[in-house]
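*Asks:* The structure file query-v2.cif (mmCIF, C-alpha atoms and all ligand atoms) is provided below.
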data_protein
loop_
_atom_site.label_atom_id
_atom_site.label_comp_id
_atom_site.auth_asym_id
_atom_site.auth_seq_id
_atom_site.Cartn_x
_atom_site.Cartn_y
_atom_site.Cartn_z
CA MET A 163 29.13 -45.32 -62.67
CA THR A 164 32.89 -45.54 -62.70
CA ASN A 165 34.96 -43.50 -65.08
CA ASP A 166 37.62 -46.08 -65.85
CA VAL A 167 35.78 -47.60 -68.84
CA SER A 168 34.20 -45.80 -71.72
CA PRO A 169 30.39 -45.69 -71.80
CA ASP A 170 30.46 -47.77 -74.97
CA THR A 171 32.08 -50.75 -73.35
CA HIS A 172 30.38 -50.30 -70.02
CA ARG A 173 26.79 -50.29 -71.30
CA THR A 174 26.53 -53.86 -72.54
CA ARG A 175 22.85 -54.03 -71.64
CA ARG A 176 21.86 -52.01 -74.74
CA LEU A 177 22.27 -55.12 -76.87
CA ARG A 178 19.82 -57.07 -74.74
CA ALA A 179 17.44 -54.29 -73.80
CA THR A 180 14.47 -55.44 -75.88
CA PRO A 181 13.20 -58.67 -77.40
CA ALA A 182 13.95 -57.25 -80.86
CA ALA A 183 17.51 -56.25 -79.97
CA ARG A 184 18.16 -59.69 -78.53
CA ALA A 185 16.72 -61.43 -81.57
CA VAL A 186 18.69 -59.34 -84.04
CA THR A 187 22.01 -59.76 -82.26
CA ARG A 188 21.70 -63.40 -81.17
CA GLU A 189 24.89 -65.31 -81.88
CA THR A 190 23.57 -68.87 -81.97
CA ARG A 191 20.38 -70.00 -83.61
CA VAL A 192 19.07 -73.53 -83.56
CA SER A 193 17.37 -74.46 -86.79
CA ALA A 194 14.98 -77.28 -87.57
CA ASP A 195 17.41 -78.35 -90.28
CA GLN A 196 20.04 -79.42 -87.77
CA LEU A 197 17.77 -81.43 -85.48
CA VAL A 198 17.75 -85.21 -85.71
CA GLN A 199 14.75 -87.00 -84.21
CA PRO A 200 15.51 -90.47 -82.80
CA ARG A 201 12.79 -93.09 -83.26
CA PHE A 202 12.39 -96.67 -82.00
CA VAL A 203 10.94 -99.27 -84.32
CA VAL A 204 9.49 -102.71 -83.51
CA PRO A 205 8.17 -105.44 -85.84
CA GLY A 206 4.47 -105.61 -86.63
CA SER A 207 1.82 -103.07 -87.52
CA GLY A 208 -0.39 -100.65 -85.66
CA ILE A 209 1.91 -100.73 -82.62
CA ARG A 210 2.58 -97.68 -80.46
CA GLU A 211 3.75 -98.55 -76.96
CA PRO A 212 5.01 -96.04 -74.43
CA ILE A 213 8.54 -96.53 -73.11
CA GLY A 214 8.34 -96.52 -69.31
CA SER A 215 11.81 -95.09 -68.78
CA MET A 216 11.38 -92.31 -71.37
CA PRO A 217 8.23 -90.22 -70.86
CA GLY A 218 6.69 -89.12 -74.14
CA VAL A 219 8.74 -91.58 -76.26
CA HIS A 220 7.22 -94.67 -77.88
CA ARG A 221 8.23 -97.88 -79.61
CA VAL A 222 6.30 -98.10 -82.86
CA SER A 223 5.87 -100.41 -85.82
CA PRO A 224 7.09 -99.24 -89.25
CA ASP A 225 3.63 -98.09 -90.43
CA VAL A 226 3.21 -95.90 -87.33
CA LEU A 227 6.79 -94.70 -87.68
CA GLU A 228 6.02 -93.42 -91.15
CA LYS A 229 3.22 -91.29 -89.69
CA GLN A 230 5.47 -90.01 -86.89
CA VAL A 231 8.08 -88.95 -89.42
CA ALA A 232 5.46 -87.26 -91.60
CA ALA A 233 4.41 -85.24 -88.53
CA ASP A 234 8.06 -84.49 -87.64
CA ARG A 235 8.51 -83.16 -91.15
CA GLN A 236 5.51 -80.86 -90.70
CA GLN A 237 7.63 -79.11 -88.07
CA GLY A 238 10.58 -78.88 -90.43
CA ILE A 239 12.61 -81.88 -89.22
CA ARG A 240 14.70 -83.35 -92.02
CA SER A 241 16.33 -86.32 -90.36
CA THR A 242 15.45 -89.44 -88.36
CA LEU A 243 17.82 -91.70 -86.40
CA LEU A 244 16.39 -95.21 -86.26
CA PHE A 245 16.85 -97.78 -83.50
CA GLY A 246 15.52 -101.29 -83.95
CA VAL A 247 13.97 -103.35 -81.20
CA PRO A 248 13.92 -106.90 -82.59
CA GLU A 249 11.79 -109.87 -81.60
CA ASP A 250 14.70 -112.32 -81.55
CA THR A 251 18.19 -112.13 -80.14
CA ASP A 252 21.13 -114.55 -80.35
CA PRO A 253 24.73 -114.49 -79.07
CA GLU A 254 26.01 -113.11 -82.39
CA GLY A 255 23.34 -110.47 -82.88
CA ARG A 256 22.49 -111.79 -86.34
CA ALA A 257 19.10 -110.07 -86.41
CA ALA A 258 20.92 -106.73 -86.69
CA ALA A 259 21.51 -107.64 -90.34
CA ASP A 260 18.05 -109.06 -91.02
CA PRO A 261 16.79 -107.56 -94.29
CA ASP A 262 13.24 -108.33 -93.09
CA GLY A 263 13.74 -106.71 -89.69
CA PRO A 264 11.83 -103.62 -88.53
CA VAL A 265 14.68 -101.19 -89.27
CA SER A 266 14.91 -102.32 -92.89
CA GLU A 267 11.16 -102.14 -93.30
CA ALA A 268 11.05 -98.66 -91.79
CA LEU A 269 13.93 -97.45 -93.96
CA ALA A 270 12.25 -98.75 -97.10
CA ARG A 271 9.00 -97.01 -96.19
CA LEU A 272 10.72 -93.69 -95.50
CA GLU A 273 12.72 -93.93 -98.70
CA GLU A 274 9.60 -94.66 -100.71
CA ARG A 275 7.55 -91.88 -99.13
CA PHE A 276 10.10 -89.06 -98.67
CA GLY A 277 13.05 -90.02 -100.88
CA ASP A 278 15.98 -87.63 -100.97
CA ASP A 279 14.07 -84.98 -99.07
CA HIS A 280 14.61 -86.88 -95.82
CA LEU A 281 17.86 -88.07 -94.28
CA THR A 282 17.51 -91.49 -92.69
CA ILE A 283 20.22 -92.60 -90.29
CA ALA A 284 20.37 -96.21 -89.07
CA ASP A 285 22.01 -96.75 -85.69
CA THR A 286 24.39 -99.65 -86.23
CA CYS A 287 25.19 -101.74 -83.18
CA LEU A 288 24.68 -105.27 -81.91
CA CYS A 289 23.54 -104.65 -78.32
CA ALA A 290 19.81 -104.76 -79.00
CA TYR A 291 20.28 -107.96 -81.01
CA THR A 292 22.61 -109.98 -78.78
CA THR A 293 21.27 -112.17 -75.96
CA HIS A 294 24.03 -110.90 -73.64
CA GLY A 295 23.40 -107.23 -74.49
CA HIS A 296 26.98 -106.27 -75.36
CA CYS A 297 27.72 -104.16 -78.42
CA GLY A 298 29.92 -106.86 -79.98
CA VAL A 299 30.21 -110.64 -79.99
CA LEU A 300 31.94 -112.43 -77.09
CA ASP A 301 35.04 -114.64 -77.10
CA ASP A 302 35.36 -117.91 -75.15
CA GLU A 303 36.22 -116.03 -71.98
CA GLY A 304 33.16 -113.82 -72.31
CA ARG A 305 35.11 -110.72 -73.38
CA VAL A 306 33.85 -108.53 -76.19
CA ALA A 307 35.84 -109.68 -79.22
CA ASN A 308 36.75 -106.63 -81.25
CA ASP A 309 37.70 -108.06 -84.63
CA ASP A 310 35.04 -110.76 -84.71
CA SER A 311 32.43 -108.06 -84.18
CA LEU A 312 33.48 -106.05 -87.23
CA SER A 313 31.99 -108.30 -89.89
CA ARG A 314 28.67 -108.44 -88.00
CA LEU A 315 28.56 -104.65 -87.83
CA ALA A 316 29.52 -104.34 -91.49
CA ASP A 317 26.77 -106.81 -92.46
CA ALA A 318 24.24 -104.74 -90.55
CA ALA A 319 25.45 -101.52 -92.20
CA VAL A 320 25.15 -103.02 -95.68
CA THR A 321 21.66 -104.32 -94.88
CA TYR A 322 20.52 -100.84 -93.83
CA ALA A 323 22.15 -99.21 -96.85
CA GLU A 324 20.41 -101.66 -99.15
CA ALA A 325 17.10 -100.95 -97.42
CA GLY A 326 17.54 -97.24 -98.15
CA ALA A 327 19.49 -95.70 -95.25
CA ASP A 328 21.26 -92.51 -96.28
CA TRP A 329 23.72 -92.85 -93.41
CA VAL A 330 24.69 -95.58 -91.00
CA ALA A 331 25.75 -94.62 -87.49
CA PRO A 332 27.99 -97.17 -85.77
CA SER A 333 27.57 -96.79 -81.99
CA ASP A 334 29.41 -99.93 -80.85
CA MET A 335 32.87 -98.43 -80.19
CA MET A 336 34.87 -101.36 -81.61
CA ASP A 337 38.25 -100.37 -83.04
CA GLY A 338 38.35 -100.37 -86.83
CA ARG A 339 34.61 -100.47 -87.43
CA VAL A 340 34.46 -97.36 -89.55
CA ALA A 341 37.06 -98.77 -91.96
CA ALA A 342 35.35 -102.19 -91.99
CA ILE A 343 31.94 -100.63 -92.65
CA ARG A 344 33.26 -98.27 -95.35
CA ARG A 345 34.93 -101.17 -97.15
CA ALA A 346 31.83 -103.36 -96.92
CA LEU A 347 29.57 -100.56 -98.16
CA ASP A 348 31.85 -99.84 -101.12
CA ASP A 349 32.14 -103.54 -101.98
CA ALA A 350 28.35 -103.77 -101.95
CA GLY A 351 28.08 -100.81 -104.33
CA GLN A 352 26.78 -98.50 -101.59
CA GLN A 353 29.28 -95.70 -102.11
CA ARG A 354 26.57 -93.11 -101.54
CA THR A 355 25.86 -94.26 -98.00
CA GLY A 356 27.46 -91.98 -95.42
CA ILE A 357 28.93 -92.88 -92.05
CA LEU A 358 28.14 -90.84 -88.96
CA SER A 359 30.41 -92.40 -86.38
CA TYR A 360 29.69 -92.22 -82.70
CA ALA A 361 33.35 -91.32 -82.30
CA ALA A 362 33.55 -89.70 -78.87
CA LYS A 363 31.08 -91.98 -77.15
CA TYR A 364 31.58 -92.10 -73.43
CA HIS A 365 30.79 -94.83 -70.93
CA SER A 366 27.95 -92.87 -69.43
CA ALA A 367 25.38 -93.46 -66.72
CA PHE A 368 23.18 -91.08 -68.71
CA TYR A 369 22.22 -93.90 -71.11
CA GLY A 370 20.19 -95.61 -68.39
CA PRO A 371 16.68 -94.82 -69.66
CA PHE A 372 17.59 -95.75 -73.25
CA ARG A 373 18.49 -99.28 -72.22
CA GLY A 374 14.89 -99.70 -71.14
CA ALA A 375 13.75 -98.48 -74.55
CA GLN A 376 15.86 -100.82 -76.61
CA GLU A 377 16.01 -103.59 -73.98
CA SER A 378 19.75 -103.56 -74.44
CA ALA A 379 21.37 -103.51 -70.99
CA PRO A 380 24.26 -105.99 -70.75
CA ASP A 381 23.49 -109.10 -68.65
CA GLU A 382 26.93 -109.15 -67.14
CA GLY A 383 29.64 -106.54 -66.87
CA ASP A 384 29.43 -103.10 -68.40
CA ARG A 385 30.68 -101.25 -71.48
CA SER A 386 33.72 -99.60 -69.98
CA SER A 387 36.16 -101.74 -71.97
CA TYR A 388 34.94 -100.24 -75.24
CA GLN A 389 33.17 -96.95 -74.46
CA LEU A 390 35.39 -94.05 -73.37
CA ASP A 391 36.23 -93.03 -69.82
CA PRO A 392 34.29 -89.85 -68.89
CA ALA A 393 37.48 -88.36 -67.44
CA ASP A 394 39.29 -88.41 -70.81
CA ALA A 395 38.57 -85.64 -73.31
CA GLU A 396 41.71 -86.41 -75.30
CA ALA A 397 40.61 -90.01 -75.86
CA GLY A 398 37.45 -88.70 -77.51
CA LEU A 399 39.43 -86.47 -79.83
CA ARG A 400 41.79 -89.31 -80.67
CA ALA A 401 38.85 -91.57 -81.52
CA LEU A 402 37.38 -88.81 -83.63
CA ARG A 403 40.56 -88.25 -85.63
CA ARG A 404 40.94 -91.98 -86.13
CA ASP A 405 37.34 -92.37 -87.34
CA VAL A 406 37.75 -89.52 -89.82
CA ARG A 407 40.91 -91.17 -91.16
CA GLU A 408 38.99 -94.43 -91.52
CA GLY A 409 36.30 -92.72 -93.57
CA ALA A 410 33.71 -91.22 -91.23
CA ASP A 411 31.77 -88.47 -93.00
CA ALA A 412 30.51 -86.95 -89.77
CA VAL A 413 31.27 -87.57 -86.12
CA MET A 414 29.28 -87.63 -82.91
CA VAL A 415 29.96 -86.65 -79.33
CA LYS A 416 27.76 -88.43 -76.79
CA PRO A 417 26.33 -87.59 -74.26
CA GLY A 418 25.77 -83.90 -74.92
CA LEU A 419 25.52 -81.40 -72.09
CA PRO A 420 27.98 -83.00 -69.63
CA TYR A 421 30.50 -83.17 -72.50
CA LEU A 422 30.27 -79.65 -73.95
CA ASP A 423 34.04 -79.27 -73.70
CA VAL A 424 34.43 -82.28 -75.98
CA VAL A 425 31.77 -80.95 -78.37
CA HIS A 426 33.63 -77.66 -78.54
CA ARG A 427 37.05 -79.21 -79.02
CA ALA A 428 35.66 -81.61 -81.63
CA SER A 429 34.18 -78.71 -83.58
CA GLN A 430 37.57 -76.95 -83.59
CA GLU A 431 39.51 -80.09 -84.37
CA THR A 432 37.71 -81.42 -87.42
CA ASP A 433 36.27 -79.97 -90.56
CA ARG A 434 33.62 -82.70 -90.53
CA PRO A 435 30.13 -82.00 -89.23
CA VAL A 436 29.93 -82.67 -85.49
CA ALA A 437 26.77 -84.11 -83.97
CA ALA A 438 25.94 -83.93 -80.29
CA TYR A 439 23.55 -86.45 -78.76
CA HIS A 440 21.33 -85.10 -75.99
CA VAL A 441 20.83 -88.57 -74.54
CA SER A 442 18.04 -90.35 -72.68
CA GLY A 443 19.38 -89.50 -69.22
CA GLU A 444 19.58 -85.82 -70.10
CA HIS A 445 15.99 -86.08 -71.36
CA ALA A 446 14.93 -87.84 -68.13
CA MET A 447 16.52 -85.20 -65.92
CA LEU A 448 14.62 -82.43 -67.66
CA GLU A 449 11.34 -84.34 -67.71
CA ASP A 450 11.48 -85.39 -64.08
CA ALA A 451 12.61 -81.99 -62.80
CA ALA A 452 9.82 -80.32 -64.77
CA ARG A 453 7.27 -82.80 -63.48
CA ALA A 454 8.40 -82.12 -59.93
CA GLY A 455 7.91 -78.40 -60.58
CA HIS A 456 11.61 -77.63 -60.12
CA LEU A 457 12.07 -75.99 -63.48
CA GLU A 458 10.07 -74.76 -66.44
CA ARG A 459 10.13 -77.47 -69.05
CA GLY A 460 10.04 -75.54 -72.35
CA PRO A 461 12.68 -72.91 -71.53
CA ALA A 462 14.94 -75.58 -70.03
CA ILE A 463 14.71 -77.72 -73.16
CA GLY A 464 15.28 -74.71 -75.42
CA GLU A 465 18.31 -73.70 -73.39
CA ALA A 466 19.77 -77.22 -73.50
CA LEU A 467 19.53 -77.24 -77.29
CA VAL A 468 20.93 -73.75 -77.87
CA CYS A 469 23.85 -74.54 -75.55
CA LEU A 470 24.72 -77.64 -77.58
CA ALA A 471 24.72 -75.51 -80.74
CA ARG A 472 26.72 -72.73 -79.05
CA ALA A 473 29.39 -75.25 -78.04
CA GLY A 474 29.80 -76.15 -81.71
CA ALA A 475 27.35 -78.94 -82.55
CA ASP A 476 26.29 -78.83 -86.19
CA LEU A 477 23.71 -81.58 -85.73
CA ILE A 478 21.75 -82.14 -82.53
CA VAL A 479 20.15 -85.50 -81.82
CA THR A 480 17.32 -84.97 -79.36
CA TYR A 481 14.14 -86.71 -78.27
CA HIS A 482 12.68 -83.22 -77.88
CA ALA A 483 13.18 -82.21 -81.53
CA ARG A 484 9.58 -82.16 -82.70
CA GLU A 485 8.12 -80.69 -79.54
CA ALA A 486 10.78 -77.97 -79.31
CA LEU A 487 9.83 -76.81 -82.80
CA GLU A 488 6.09 -77.23 -82.29
CA GLU A 489 6.16 -75.21 -79.10
CA GLY A 490 8.65 -72.62 -80.30
CA TRP A 491 11.20 -73.34 -77.57
CA ILE A 492 14.11 -72.73 -79.94
C1 LIG B 1 23.66 -98.52 -78.52
C2 LIG B 1 23.30 -97.13 -78.15
C3 LIG B 1 23.07 -96.59 -76.88
C4 LIG B 1 22.61 -95.29 -77.07
C5 LIG B 1 22.61 -95.07 -78.44
N1 LIG B 1 23.04 -96.21 -79.08
C6 LIG B 1 23.18 -97.22 -75.55
C7 LIG B 1 24.50 -97.58 -75.07
O1 LIG B 1 25.52 -97.48 -75.73
O2 LIG B 1 24.55 -98.06 -73.93
C8 LIG B 1 22.20 -94.33 -75.98
C9 LIG B 1 21.20 -93.30 -76.39
C10 LIG B 1 20.54 -92.59 -75.27
O3 LIG B 1 20.85 -92.80 -74.06
O4 LIG B 1 19.67 -91.77 -75.55
N2 LIG B 1 24.98 -98.86 -78.48
#
As structure tokens, please, write out the structure in this file.
Ligand code: PBG
*Replies:*
Amino acid sequence: MTNDVSPDTHRTRRLRATPAARAVTRETRVSADQLVQPRFVVPGSGIREPIGSMPGVHRVSPDVLEKQVAADRQQGIRSTLLFGVPEDTDPEGRAAADPDGPVSEALARLEERFGDDHLTIADTCLCAYTTHGHCGVLDDEGRVANDDSLSRLADAAVTYAEAGADWVAPSDMMDGRVAAIRRALDDAGQQRTGILSYAAKYHSAFYGPFRGAQESAPDEGDRSSYQLDPADAEAGLRALRRDVREGADAVMVKPGLPYLDVVHRASQETDRPVAAYHVSGEHAMLEDAARAGHLERGPAIGEALVCLARAGADLIVTYHAREALEEGWI
């Protein structure tokens, strides 16, 4: 032992010497309350189909969804993020605002069964509903037309609010959508509906498996003209500030682990709750590495979630939410 530091500062291992010492002094705790479980909903009844690109995740009809959420709640989960997988698509993505669509039906069921004790969040985007798979409508040259997309997104948001969504979560990355949605919600008398904006949403290869789940990959081109460049942290913070000014109640950073610097800066920058989305590609990496025997699944998942919280995420959206609680990985 050297003499140039006092024993008090040198012996840092005392604080982690035993399981009890570690538990008592732990800085970051992940709680069930902050976990958001994403769910995919299809029309029909009695449907539960596995999603090939996302092991352990299913597309389900609204009746089955209600049972899934009831089981999630048994583990303490208080919030569900809903993605619709419609039967019909068209160039304008009209089915996103279908009051008889699977998302609306699911929202109504959850509202009826769990009421204010459960927070329902409806992902609001056009990509699953458009034939071309882009997140907005196209102009004559085939470019994503920002302003023409806003009314479609606002219609969808109002539809979900009327069906019982507590929050809508625009994930399209059009400019001005938070303001357009806030105005439309207020005009429709839905002042209570919150907006969780996917503010710092990057153009990420880590969404690959999700596009299989929602059948939403673009036919032509990619999303780099509206989603953010992975090299630009500042652009994410700018988008976040803008969305808060436009009326976002909470903001999201997405993906999660590769963007922990953005999560951290977002949490310092805004007084709004910050959500981090541990996306499908992050899920796939863990699942496949565990299956190959390269890492231990539970501890790796637990570590991923605690690191998101440590970086500053208030909410964590993760496909592993229920299992992490069930298995005690967090
Ligand atoms: C739709 C949307 C996507 C995700 C959430 N909402 C796909 C995308 O933008 O390409 C990705 C979620 C995930 O990968 O888990 N706009």
*Asks:* Report as number ranges by chain all protein, DNA and RNA residues lying within 9 Å of segment 294-306 of chain A, evaluated on only C-alpha atoms, omitting residues in the same chain fewer than 2 positions from it.
*Replies:* A: 251-255, 287-292, 308, 310-312, 314-315, 333-336, 377-385, 387-388
*Asks:* Do a neighbour search on Pro217 of chain A at 9 Å with only C-alpha atoms, toss out local chain neighbours closer than 2 positions, and write the hits as a count of residues only.
*Replies:* 10
*Asks:* What's around Ile283 of chain A at 7 Å? Count only C-alpha atoms, leave out sequence neighbours fewer than 2 positions away in its own chain, and write the answer as a ChimeraX atom specification.
*Replies:* /A:242-244,281,285,327-331
*Asks:* Please determine, counting all atoms listed in the file, which residue among A:Asp411, A:Ala473, A:Ser193, A:Ala325 has the shortest atom-to-atom distance to Pro261 of chain A.
*Replies:* A:Ala325
*Asks:* May I ask which of the residues A:Arg345, A:Arg434, A:Arg373, A:Arg240 is the closest one to ligand LIG 1 (chain B), counting all atoms listed in the file?
*Replies:*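 The closest residue to ligand LIG 1 (chain B) is A:Arg373.
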*Asks:* At what distance in Å, to one decimal, does atom O2 of ligand LIG 1 (chain B) lie from atom CA of Ile463 of chain A?
*Replies:*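 Separating atom CA of Ile463 of chain A from atom O2 of ligand LIG 1 (chain B) is a distance of 22.6 Å.
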